[in-house]
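Written below as structure tokens is the structure these notes are about.
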Amino acid sequence: MNQYEVMYVIDTALEEGARSELINRFSNIVTNNGGKVDRVDEWGKRRLAYPINYKTEGYYVLMYMTAPADLPRELERNLQISESVLRYLVIRFEGPIPAKREPLKPFVAREAAPVEAAAEAPVEVKAEEADTEAPQAEIE
């Protein structure tokens, strides 16, 4: 049995109940055909790199599975038939399953006040330190 990583993007127009049913359907295809689903990570709604069927956002799902060699072809056939799946990719990998990634947090700008206050404060340099840092000219 081989280890596989399956990434697929679901249309965001699909309701939450139908989306979870679709994810369970793909997991059941794996278990019914002699495979084992190791983990399913739902990454959530993200912007696509380029529009697919005039859609700019998709719901990303990452599934790790251990399965016989003929199962990926059957899973790809089902992913291709489903109209709600925009894109999919099934790859084989070796080694332990990577740790679960935390979802990306939205960018929040820091307050600019403390940075400006630090920039305005004068920097004191002692005369002794200034002499040691300056290069000395060689006398001939």
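Each chain of the structure tokens is named A, B, ... in the order shown, its residues numbered from 1; ligands are numbered from 1 in display order.
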
(request) Fewer than 2 positions away in the same chain doesn't count, so skip those; otherwise give me all residues within 10 Å of region 52-69 of chain A, counting only C-alpha atoms, as a ChimeraX atom specification. (result) /A:1-14,19,23,26-27,30-31,33-50,71-73,85-93,97-98

Limited to C-alpha atoms, could you put the picked residues into a file as a JSON list (two decimals), in the first residue's frame?
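Final output, result-v9.json:
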[["chain", "number", "residue", "atom", "x", "y", "z"],
["A", 1, "MET", "CA", 0.00, 0.00, 0.00],
["A", 2, "ASN", "CA", 1.22, 3.49, -0.88],
["A", 3, "GLN", "CA", 0.76, 6.87, 0.75],
["A", 4, "TYR", "CA", -1.01, 9.58, -1.25],
["A", 5, "GLU", "CA", -1.78, 13.24, -0.84],
["A", 6, "VAL", "CA", -4.98, 14.51, -2.45],
["A", 7, "MET", "CA", -5.70, 18.22, -2.81],
["A", 8, "TYR", "CA", -8.97, 19.39, -4.30],
["A", 9, "VAL", "CA", -10.74, 22.73, -4.61],
["A", 10, "ILE", "CA", -14.51, 22.90, -4.18],
["A", 11, "ASP", "CA", -16.76, 25.62, -5.55],
["A", 12, "THR", "CA", -17.62, 28.17, -2.83],
["A", 13, "ALA", "CA", -21.21, 28.44, -4.08],
["A", 14, "LEU", "CA", -21.85, 25.02, -2.52],
["A", 19, "ARG", "CA", -19.73, 20.60, 1.02],
["A", 23, "ILE", "CA", -15.85, 15.62, 1.48],
["A", 26, "PHE", "CA", -14.54, 11.18, -1.28],
["A", 27, "SER", "CA", -13.37, 9.77, 2.06],
["A", 30, "VAL", "CA", -11.15, 5.57, -0.25],
["A", 31, "THR", "CA", -12.37, 3.36, 2.61],
["A", 33, "ASN", "CA", -11.97, 0.50, -2.04],
["A", 34, "GLY", "CA", -9.55, -0.88, 0.53],
["A", 35, "GLY", "CA", -7.74, 2.31, 1.52],
["A", 36, "LYS", "CA", -7.46, 4.22, 4.76],
["A", 37, "VAL", "CA", -7.92, 7.97, 5.21],
["A", 38, "ASP", "CA", -5.14, 9.17, 7.51],
["A", 39, "ARG", "CA", -6.21, 12.80, 7.82],
["A", 40, "VAL", "CA", -8.46, 15.38, 6.15],
["A", 41, "ASP", "CA", -7.48, 19.05, 6.48],
["A", 42, "GLU", "CA", -9.98, 21.67, 5.42],
["A", 43, "TRP", "CA", -8.04, 24.81, 4.60],
["A", 44, "GLY", "CA", -11.18, 26.82, 3.95],
["A", 45, "LYS", "CA", -12.03, 29.49, 1.43],
["A", 46, "ARG", "CA", -9.06, 31.07, -0.36],
["A", 47, "ARG", "CA", -8.47, 33.21, -3.41],
["A", 48, "LEU", "CA", -7.45, 31.29, -6.52],
["A", 49, "ALA", "CA", -4.27, 32.20, -8.37],
["A", 50, "TYR", "CA", -6.28, 32.59, -11.56],
["A", 71, "LEU", "CA", -7.30, 3.51, -5.96],
["A", 72, "PRO", "CA", -5.98, 6.93, -7.13],
["A", 73, "ARG", "CA", -7.35, 6.32, -10.62],
["A", 85, "VAL", "CA", -14.80, 20.22, -7.78],
["A", 86, "LEU", "CA", -12.90, 22.93, -9.64],
["A", 87, "ARG", "CA", -9.41, 21.33, -9.56],
["A", 88, "TYR", "CA", -7.76, 18.29, -8.01],
["A", 89, "LEU", "CA", -4.33, 16.73, -7.70],
["A", 90, "VAL", "CA", -3.36, 13.29, -6.42],
["A", 91, "ILE", "CA", 0.32, 12.61, -5.73],
["A", 92, "ARG", "CA", 2.25, 9.79, -4.08],
["A", 93, "PHE", "CA", 4.66, 10.62, -1.30],
["A", 97, "ILE", "CA", 2.55, 12.61, 7.35],
["A", 98, "PRO", "CA", 3.50, 16.27, 7.87]]

(request) Name the closest residue to Glu76 (chain A) among the candidates A:Arg110, A:Glu94, A:Ile29, A:Ala99; distances are taken between atoms, counting only C-alpha atoms. (result)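 Result for the nearest residue to Glu76 (chain A): A:Ile29.
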
(request) Write down as a VMD selection string the residues belonging to region 8-66 of chain A that are assigned alpha helix (DSSP H) by DSSP computed on the backbone. (result) chain A and resid 16 to 32

(request) Report the distance between CA of Arg101 (chain A) and CA of Glu21 (chain A) in Å, rounded to one decimal place. (result) 23.2 Å

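Between CA of Leu75 (chain A) and CA of Ser20 (chain A) there is a distance of 17.0 Å.
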